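K.L.:
Just one file: work.csv, with CSV, C-alpha atoms.
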```csv
chain,number,residue,atom,x,y,z
U,25,MET,CA,-85.5,112.7,15.7
U,26,HIS,CA,-83.2,113.8,18.6
U,27,ASP,CA,-81.0,116.9,18.1
U,28,TYR,CA,-77.6,116.3,19.6
U,29,ASN,CA,-76.2,119.7,18.6
U,30,GLY,CA,-74.1,118.2,15.8
U,31,THR,CA,-72.4,115.5,18.0
U,32,SER,CA,-73.5,111.9,18.3
U,33,PRO,CA,-73.9,110.3,21.8
U,34,LEU,CA,-71.4,107.7,20.5
U,35,ASP,CA,-68.7,110.5,20.6
U,36,ASP,CA,-69.4,111.1,24.3
U,37,PRO,CA,-66.3,110.1,26.2
U,38,ILE,CA,-68.4,108.8,29.1
U,39,VAL,CA,-70.3,106.5,26.7
U,40,GLU,CA,-67.0,105.3,25.2
U,41,ALA,CA,-65.6,104.7,28.7
U,42,ILE,CA,-68.6,102.7,29.7
U,43,ASN,CA,-68.5,100.6,26.5
U,44,GLU,CA,-64.9,99.8,27.1
U,45,ARG,CA,-65.6,98.8,30.7
U,46,VAL,CA,-68.4,96.6,29.6
U,47,ALA,CA,-66.2,95.0,26.9
U,48,HIS,CA,-63.5,94.4,29.6
U,49,LEU,CA,-66.1,92.8,32.0
U,50,ASP,CA,-67.4,90.5,29.2
U,51,ASN,CA,-63.9,89.3,28.5
U,52,THR,CA,-63.3,88.8,32.2
U,53,ARG,CA,-66.5,86.7,32.4
U,54,THR,CA,-65.4,84.6,29.5
U,55,LEU,CA,-62.0,83.9,31.2
U,56,HIS,CA,-63.8,82.9,34.4
U,57,ILE,CA,-66.0,80.5,32.6
U,58,GLU,CA,-62.9,78.8,31.1
U,59,GLU,CA,-61.2,78.7,34.4
U,60,ILE,CA,-64.2,77.1,36.1
U,61,ALA,CA,-64.3,74.5,33.3
U,62,ALA,CA,-60.6,73.7,33.9
U,63,ILE,CA,-61.1,73.5,37.7
U,64,ASP,CA,-64.1,71.1,37.1
U,65,ARG,CA,-61.9,68.8,35.0
U,66,GLU,CA,-59.2,68.8,37.8
U,67,ILE,CA,-61.8,68.0,40.4
U,68,LYS,CA,-63.1,65.1,38.3
U,69,ARG,CA,-59.6,63.7,38.0
U,70,TYR,CA,-59.1,63.8,41.8
U,71,GLU,CA,-62.5,62.3,42.4
U,72,LYS,CA,-61.6,59.5,40.1
U,73,ALA,CA,-58.4,58.9,42.0
U,74,LEU,CA,-60.2,59.0,45.3
U,75,LYS,CA,-62.7,56.5,44.2
U,76,ALA,CA,-59.9,54.1,43.4
U,77,LEU,CA,-58.1,54.7,46.7
U,78,VAL,CA,-60.8,55.0,49.3
U,79,PRO,CA,-63.3,52.3,50.1
U,80,GLU,CA,-66.9,53.3,49.5
U,81,GLU,CA,-67.9,53.0,53.2
U,82,MET,CA,-65.2,55.3,54.4
U,83,LYS,CA,-66.2,58.2,52.2
U,84,ARG,CA,-67.5,61.3,54.0
U,85,THR,CA,-71.2,61.6,54.0
U,86,ALA,CA,-71.1,65.2,52.7
U,87,ARG,CA,-69.8,63.9,49.3
U,88,ASN,CA,-72.9,61.7,49.0
U,89,GLU,CA,-75.3,64.6,49.4
U,90,SER,CA,-77.0,65.5,46.2
U,91,VAL,CA,-75.8,68.9,44.9
U,92,PRO,CA,-76.8,70.2,41.5
U,93,ASN,CA,-73.7,70.1,39.3
U,94,GLU,CA,-74.3,72.4,36.4
U,95,HIS,CA,-71.1,71.6,34.6
U,96,ALA,CA,-71.7,67.9,34.9
U,97,ARG,CA,-75.1,68.4,33.4
U,98,LYS,CA,-73.5,70.3,30.5
U,99,ARG,CA,-71.0,67.6,29.9
U,100,ARG,CA,-73.8,65.0,29.8
U,101,LYS,CA,-75.7,67.1,27.4
U,102,GLU,CA,-72.6,67.5,25.2
U,103,ALA,CA,-72.1,63.7,25.3
U,104,ALA,CA,-75.7,63.1,24.3
U,105,MET,CA,-75.4,65.5,21.4
U,106,ARG,CA,-72.2,63.7,20.2
U,107,THR,CA,-74.0,60.4,20.4
U,108,ILE,CA,-76.9,61.6,18.2
U,109,ARG,CA,-74.6,63.3,15.7
U,110,ASN,CA,-72.5,60.2,15.4
U,111,ASN,CA,-75.5,57.9,14.8
U,112,ASP,CA,-76.0,56.7,11.2
U,113,ILE,CA,-79.7,57.9,11.5
U,114,TRP,CA,-78.6,61.5,12.1
U,115,PRO,CA,-78.6,62.7,8.4
U,116,ILE,CA,-82.0,61.2,7.8
U,117,LEU,CA,-83.4,62.5,11.1
U,118,LYS,CA,-82.0,66.0,10.4
U,119,ALA,CA,-83.5,66.1,6.9
U,120,GLU,CA,-86.9,64.9,8.2
U,121,ILE,CA,-87.0,67.5,11.0
U,122,LEU,CA,-86.1,70.4,8.6
U,123,ALA,CA,-88.6,69.2,6.0
U,124,TYR,CA,-91.3,68.8,8.5
U,125,VAL,CA,-90.8,72.2,10.0
U,126,ASP,CA,-90.6,73.8,6.6
U,127,LYS,CA,-93.9,72.1,5.6
U,128,HIS,CA,-95.8,73.2,8.7
U,129,ASP,CA,-94.2,76.6,9.1
U,130,GLU,CA,-93.9,75.9,12.8
U,131,THR,CA,-93.9,72.7,14.9
U,132,ARG,CA,-93.6,71.3,18.3
U,133,GLN,CA,-91.2,68.4,19.1
U,134,VAL,CA,-94.2,66.3,20.1
U,135,ASP,CA,-95.8,66.7,16.7
U,136,PHE,CA,-92.6,65.7,14.9
U,137,ARG,CA,-92.2,62.7,17.1
U,138,GLU,CA,-95.7,61.5,16.0
U,139,HIS,CA,-94.7,62.1,12.4
U,140,TRP,CA,-91.4,60.1,12.9
U,141,LYS,CA,-93.4,57.1,14.3
U,142,SER,CA,-95.3,57.0,11.1
U,143,LEU,CA,-92.1,56.5,9.1
U,144,SER,CA,-90.5,53.1,8.8
U,145,HIS,CA,-87.3,53.7,10.7
U,146,ASP,CA,-85.9,51.4,13.3
U,147,PHE,CA,-84.6,54.3,15.4
U,148,GLU,CA,-86.8,55.0,18.4
U,149,LEU,CA,-87.1,58.8,18.8
U,150,THR,CA,-87.7,59.3,22.5
U,151,SER,CA,-88.6,62.7,23.9
U,152,SER,CA,-85.0,63.2,25.2
U,153,LYS,CA,-83.4,62.2,21.9
U,154,CYS,CA,-85.8,64.5,20.0
U,155,SER,CA,-85.0,67.3,22.4
U,156,ILE,CA,-81.3,66.8,21.7
U,157,ALA,CA,-81.8,66.6,18.0
U,158,PHE,CA,-83.7,69.9,18.0
U,159,GLU,CA,-81.1,71.5,20.2
U,160,ILE,CA,-78.4,70.5,17.7
U,161,LEU,CA,-80.2,72.1,14.9
U,162,ARG,CA,-80.7,75.2,17.0
U,163,ASP,CA,-77.0,75.3,17.6
U,164,GLU,CA,-76.4,74.9,13.8
U,165,LYS,CA,-78.7,77.8,13.1
U,166,LEU,CA,-80.9,75.6,11.0
U,167,LEU,CA,-83.8,75.8,13.4
U,168,ARG,CA,-85.0,78.4,15.8
U,169,LEU,CA,-87.4,79.0,18.6
U,170,GLY,CA,-90.5,80.7,17.1
U,171,ARG,CA,-92.8,81.2,20.1
U,172,ILE,CA,-93.9,79.7,23.4
U,173,ASP,CA,-97.5,79.1,24.2
U,174,GLY,CA,-98.0,77.8,27.7
U,175,ASN,CA,-95.8,74.6,27.9
U,176,SER,CA,-95.6,74.3,24.2
U,177,ARG,CA,-92.5,75.5,22.3
U,178,PHE,CA,-92.9,76.1,18.6
U,179,TYR,CA,-89.9,75.8,16.3
U,180,LYS,CA,-89.4,77.5,12.9
U,181,LEU,CA,-86.9,77.8,10.2
U,182,TYR,CA,-85.0,81.0,9.6
U,183,LYS,CA,-86.4,83.1,6.7
U,184,GLU,CA,-84.7,82.8,3.4
U,185,GLY,CA,-82.9,85.8,1.8
Q,24,MET,CA,-85.3,77.3,27.3
Q,25,ALA,CA,-87.2,76.9,30.6
Q,26,ASN,CA,-90.4,78.5,31.5
Q,27,LYS,CA,-89.9,79.3,35.2
Q,28,SER,CA,-92.7,78.6,37.6
Q,29,ASN,CA,-93.0,82.3,38.4
Q,30,GLY,CA,-94.0,83.1,34.8
Q,31,ARG,CA,-90.6,84.5,33.8
Q,32,VAL,CA,-88.8,83.1,30.8
Q,33,ASP,CA,-85.1,82.5,30.5
Q,34,VAL,CA,-84.1,85.3,28.0
Q,35,THR,CA,-80.4,85.1,28.8
Q,36,LEU,CA,-78.0,84.2,26.1
Q,37,TYR,CA,-78.1,80.6,27.3
Q,38,GLY,CA,-81.9,80.5,27.0
Q,39,ILE,CA,-82.3,82.0,23.6
Q,40,SER,CA,-79.7,83.0,21.1
Q,41,ASP,CA,-79.2,86.5,19.6
Q,42,THR,CA,-80.4,85.4,16.2
Q,43,GLU,CA,-83.4,83.6,17.6
Q,44,LEU,CA,-84.5,86.7,19.4
Q,45,LEU,CA,-83.9,88.9,16.4
Q,46,ALA,CA,-85.9,86.5,14.3
Q,47,ILE,CA,-88.8,86.6,16.7
Q,48,ILE,CA,-88.8,90.4,16.7
Q,49,ASP,CA,-88.8,90.2,13.0
Q,50,ASP,CA,-91.7,87.8,13.1
Q,51,ILE,CA,-94.0,89.9,15.2
Q,52,ALA,CA,-93.0,93.3,13.8
Q,53,ASP,CA,-95.8,95.6,12.5
Q,54,ALA,CA,-95.8,97.0,8.9
Q,55,ASP,CA,-93.1,99.5,9.9
Q,56,GLY,CA,-90.9,96.9,11.5
Q,57,TRP,CA,-91.6,97.8,15.1
Q,58,ALA,CA,-92.2,95.3,17.8
Q,59,SER,CA,-92.9,96.2,21.4
Q,60,ASN,CA,-91.3,94.6,24.5
Q,61,TYR,CA,-94.7,93.5,25.6
Q,62,ASP,CA,-95.4,91.6,22.4
Q,63,ILE,CA,-91.9,90.0,22.6
Q,64,ARG,CA,-92.7,88.8,26.1
Q,65,LEU,CA,-96.0,87.4,25.1
Q,66,THR,CA,-94.5,85.6,22.2
Q,67,LEU,CA,-91.9,84.0,24.5
Q,68,GLY,CA,-94.7,82.8,26.7
Q,69,GLU,CA,-94.0,85.1,29.6
Q,70,SER,CA,-96.9,85.9,31.9
Q,71,ALA,CA,-98.2,89.4,31.4
Q,72,ASP,CA,-98.2,90.1,35.1
Q,73,VAL,CA,-94.4,89.4,35.5
Q,74,LYS,CA,-93.0,92.5,37.2
Q,75,ARG,CA,-89.3,92.1,36.3
Q,76,SER,CA,-89.0,90.7,32.9
Q,77,GLY,CA,-85.6,90.1,31.4
Q,78,VAL,CA,-86.8,91.1,27.9
Q,79,PRO,CA,-86.3,94.9,28.1
Q,80,SER,CA,-82.8,94.4,29.4
Q,81,ARG,CA,-81.9,92.0,26.6
Q,82,VAL,CA,-83.5,94.2,24.0
Q,83,ALA,CA,-81.6,97.2,25.4
Q,84,TRP,CA,-78.3,95.4,25.0
Q,85,MET,CA,-79.1,94.4,21.5
Q,86,ARG,CA,-79.8,98.1,20.8
Q,87,ARG,CA,-76.4,98.9,22.2
Q,88,TYR,CA,-74.8,96.3,20.0
Q,89,GLY,CA,-76.4,98.0,17.0
Q,90,TRP,CA,-78.8,95.2,16.0
Q,91,LEU,CA,-82.0,97.1,17.0
Q,92,GLU,CA,-83.1,100.7,16.9
Q,93,ARG,CA,-85.7,102.2,19.2
Q,94,ASP,CA,-88.8,104.0,18.1
Q,95,SER,CA,-88.4,107.6,19.3
Q,96,ALA,CA,-92.2,107.8,19.6
Q,97,ASN,CA,-92.5,104.7,21.7
Q,98,PRO,CA,-89.4,103.8,23.7
Q,99,SER,CA,-90.6,100.2,24.3
Q,100,ALA,CA,-90.7,99.4,20.6
Q,101,HIS,CA,-87.7,98.3,18.5
Q,102,ARG,CA,-87.0,97.2,15.0
Q,103,LEU,CA,-84.1,95.5,13.4
Q,104,THR,CA,-81.3,97.6,12.0
Q,105,THR,CA,-79.4,96.7,8.8
Q,106,ALA,CA,-76.8,95.1,11.0
Q,107,GLY,CA,-79.4,93.1,12.9
Q,108,ARG,CA,-81.0,91.9,9.7
Q,109,ALA,CA,-77.6,90.9,8.3
Q,110,MET,CA,-77.3,88.5,11.2
Q,111,LEU,CA,-80.4,86.6,10.0
Q,112,THR,CA,-79.5,86.4,6.4
Q,113,ARG,CA,-78.7,82.8,5.4
Q,114,PRO,CA,-77.2,81.7,8.7
Q,115,ASP,CA,-76.7,78.1,7.4
Q,116,LEU,CA,-73.4,77.0,5.9
Q,117,SER,CA,-73.0,75.5,2.5
Q,118,LYS,CA,-71.9,71.9,2.1
Q,119,THR,CA,-68.5,73.1,0.8
Q,120,MET,CA,-68.0,75.2,3.9
Q,121,THR,CA,-69.2,72.4,6.2
Q,122,ASN,CA,-66.9,69.9,4.6
Q,123,ALA,CA,-63.9,72.3,4.7
Q,124,LEU,CA,-64.5,73.0,8.4
Q,125,ALA,CA,-64.7,69.3,9.2
Q,126,ALA,CA,-61.4,68.7,7.4
Q,127,MET,CA,-59.5,71.3,9.4
Q,128,THR,CA,-56.8,70.4,11.8
Q,129,PRO,CA,-56.8,71.9,15.3
Q,130,ALA,CA,-54.0,74.3,14.3
Q,131,GLN,CA,-56.0,75.4,11.3
Q,132,ARG,CA,-59.1,75.9,13.5
Q,133,LEU,CA,-57.1,78.2,15.8
Q,134,THR,CA,-55.8,80.1,12.8
Q,135,LEU,CA,-59.3,80.5,11.5
Q,136,THR,CA,-60.5,81.7,14.9
Q,137,ARG,CA,-57.8,84.3,15.0
Q,138,GLU,CA,-58.5,85.5,11.5
Q,139,ILE,CA,-62.2,85.8,12.2
Q,140,ALA,CA,-61.6,87.6,15.5
Q,141,ARG,CA,-59.1,90.0,13.9
Q,142,ASN,CA,-61.3,90.8,10.9
Q,143,GLY,CA,-64.6,90.4,12.6
Q,144,GLY,CA,-65.4,94.1,12.2
Q,145,ASP,CA,-69.0,95.0,13.1
Q,146,ILE,CA,-69.9,91.4,14.2
Q,147,ARG,CA,-67.2,91.1,16.8
Q,148,THR,CA,-69.7,91.3,19.6
Q,149,ALA,CA,-72.0,88.7,17.9
Q,150,LEU,CA,-69.0,86.4,17.5
Q,151,ARG,CA,-68.0,86.7,21.1
Q,152,ARG,CA,-71.5,86.1,22.3
Q,153,GLN,CA,-71.9,83.1,20.0
Q,154,TRP,CA,-68.7,81.7,21.4
Q,155,ILE,CA,-69.9,82.0,25.0
Q,156,ARG,CA,-73.3,80.4,24.1
Q,157,SER,CA,-71.6,77.5,22.3
Q,158,LEU,CA,-69.3,76.8,25.2
Q,159,ARG,CA,-72.3,76.5,27.6
```
Could you write out this file's structure as structure tokens?

P.N.:
Amino acid sequence: MHDYNGTSPLDDPIVEAINERVAHLDNTRTLHIEEIAAIDREIKRYEKALKALVPEEMKRTARNESVPNEHARKRRKEAAMRTIRNNDIWPILKAEILAYVDKHDETRQVDFREHWKSLSHDFELTSSKCSIAFEILRDEKLLRLGRIDGNSRFYKLYKEG
Amino acid sequence: MANKSNGRVDVTLYGISDTELLAIIDDIADADGWASNYDIRLTLGESADVKRSGVPSRVAWMRRYGWLERDSANPSAHRLTTAGRAMLTRPDLSKTMTNALAAMTPAQRLTLTREIARNGGDIRTALRRQWIRSLR
């Protein structure tokens, strides 16, 4: 056990100042994230207008170059999650996933997909849909990542109590 | 969460949530509750020869947030504090809570957010980080 001569490091004004600075920077980062999202929405509106006004062949080549768009990817992912959640099969799928993981202590998505195929549901659970379903349950704190072994990700439930 | 081709794993907040990482540490802890950074890295599938892992940094921040404590005899080992364990206790919402949330108007949601932020107490940091992760 460390001896701090009766005072805790938490009382150190330098530590306090650093903590305050970190908290300030975290808040700043959050604000920047929100600003970027707002700018992306504005860009999308302008691009939509441009598309309606400018013929395809007159668009600058640079716009057609493939550039990774992280925010567009996030929007697509959010849309995919909404689609799954709004599907009538979602309550059944959710219950099956949780029951399967509970029964097997840990599981991979590929194992659950094999199990789903053995059930008599019309809903085709592709790898991407399964991935989205598991991600939703992770977001809802009903499922968690347990471990990774090579390319395999094992999912578990949170412990009770 | 992606396994990068260089053997490193995404242990940022966007790759793995705070509660997931705490639960993993709890999973692999020894009888006294301690888990080493090395064991955490292996559990997350990170190559043992990765020189600059993100795990120690993430663990260090969780210690600063008060969710982990360090083993004075082994600085690379940590265990969950009471606050850290509280974050893992029954994270799911009851049906009543879920239904109540679903029925809220946007104005009520804003009010709820304000109340939680104002009365967040010890979990203010956890709330802020969950908000950031959920907005990703």

K.L.:
Could you give me, as a list in words, the residues within 10 Å of Arg162 in chain U, counting only C-alpha atoms and dropping anything in the same chain fewer than 5 positions from it?

P.N.:
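Listing them by chain and then by number gives Ile156, Ala157, Leu167, Arg168, Leu169, Tyr179, Lys180 and Leu181 of chain U; Ile39, Ser40 and Glu43 of chain Q.
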
K.L.:
Could you please select, counting all atoms listed in the file, the residues of chain Q within 7 Å of chain U and state them as number ranges by chain?

P.N.:
Q: 43, 47, 66-68, 95, 112-115, 155, 159

K.L.:
Interatomic distance between CA of Val46 in chain U and CA of Tyr88 in chain Q?

P.N.:
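Computed distance, CA of Val46 in chain U to CA of Tyr88 in chain Q, equals 11.5 Å.
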
K.L.:
With a distance cut-off of 8 Å and only C-alpha atoms, select the neighbouring residues of Ile51 in chain Q, excluding the residue or stretch itself and same-chain residues fewer than 3 positions from it, and output the selection as a VMD selection string.

P.N.:
chain Q and resid 47 to 48 58 62 to 63

K.L.:
Could you check how far CA of Asp145 in chain Q sits from CA of Arg64 in chain Q, in Å to one decimal?

P.N.:
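So the two atoms, CA of Asp145 in chain Q and CA of Arg64 in chain Q, lie 27.7 Å apart.
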
K.L.:
Quick one: residues within 10 Å of range 65-76 of chain U, all atoms listed in the file counted, chain neighbours fewer than 5 positions away excluded, as a list of chain:residue names?

P.N.:
U:Glu59, U:Ile60, U:Lys83, U:His95, U:Ala96

K.L.:
Report the distance between CA of Val82 in chain Q and CA of His101 in chain Q in Å, rounded to one decimal place.

P.N.:
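Distance between the two atoms: 8.0 Å.
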
K.L.:
Write out as a ChimeraX atom specification the residues lying within 9 Å of range 114-121 of chain U, counting all atoms listed in the file and excluding same-chain residues fewer than 3 positions away.

P.N.:
/U:108-111,124-126,136,140,157-158,161

K.L.:
Compute the distance from (-90.7, 87.6, 30.9) to each atom, counting all atoms listed in the file, keep the residues with any atom at most 6 Å away, and return them as JSON, numbers by chain; use the coordinates of the file.

P.N.:
{"Q": [31, 32, 64, 69, 76, 77]}

K.L.:
Just the residues within 9 Å of Gln153 in chain Q, please, counting all atoms listed in the file, with nothing from its chain fewer than 4 positions along; format it as a list in words.

P.N.:
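The residues that qualify are Leu36, Ser40, Asp41, Thr148, Ala149, Ser157 and Leu158 of chain Q.
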
K.L.:
Can those selected residues be exported to a file as a short mmCIF file (atom, residue, chain, number, x, y, z; two decimals), keeping the file's coordinate frame so that it contains C-alpha atoms?

P.N.:
```cif
data_model
loop_
_atom_site.label_atom_id
_atom_site.label_comp_id
_atom_site.auth_asym_id
_atom_site.auth_seq_id
_atom_site.Cartn_x
_atom_site.Cartn_y
_atom_site.Cartn_z
CA LEU Q 36 -78.00 84.20 26.10
CA SER Q 40 -79.70 83.00 21.10
CA ASP Q 41 -79.20 86.50 19.60
CA THR Q 148 -69.70 91.30 19.60
CA ALA Q 149 -72.00 88.70 17.90
CA SER Q 157 -71.60 77.50 22.30
CA LEU Q 158 -69.30 76.80 25.20
#
```
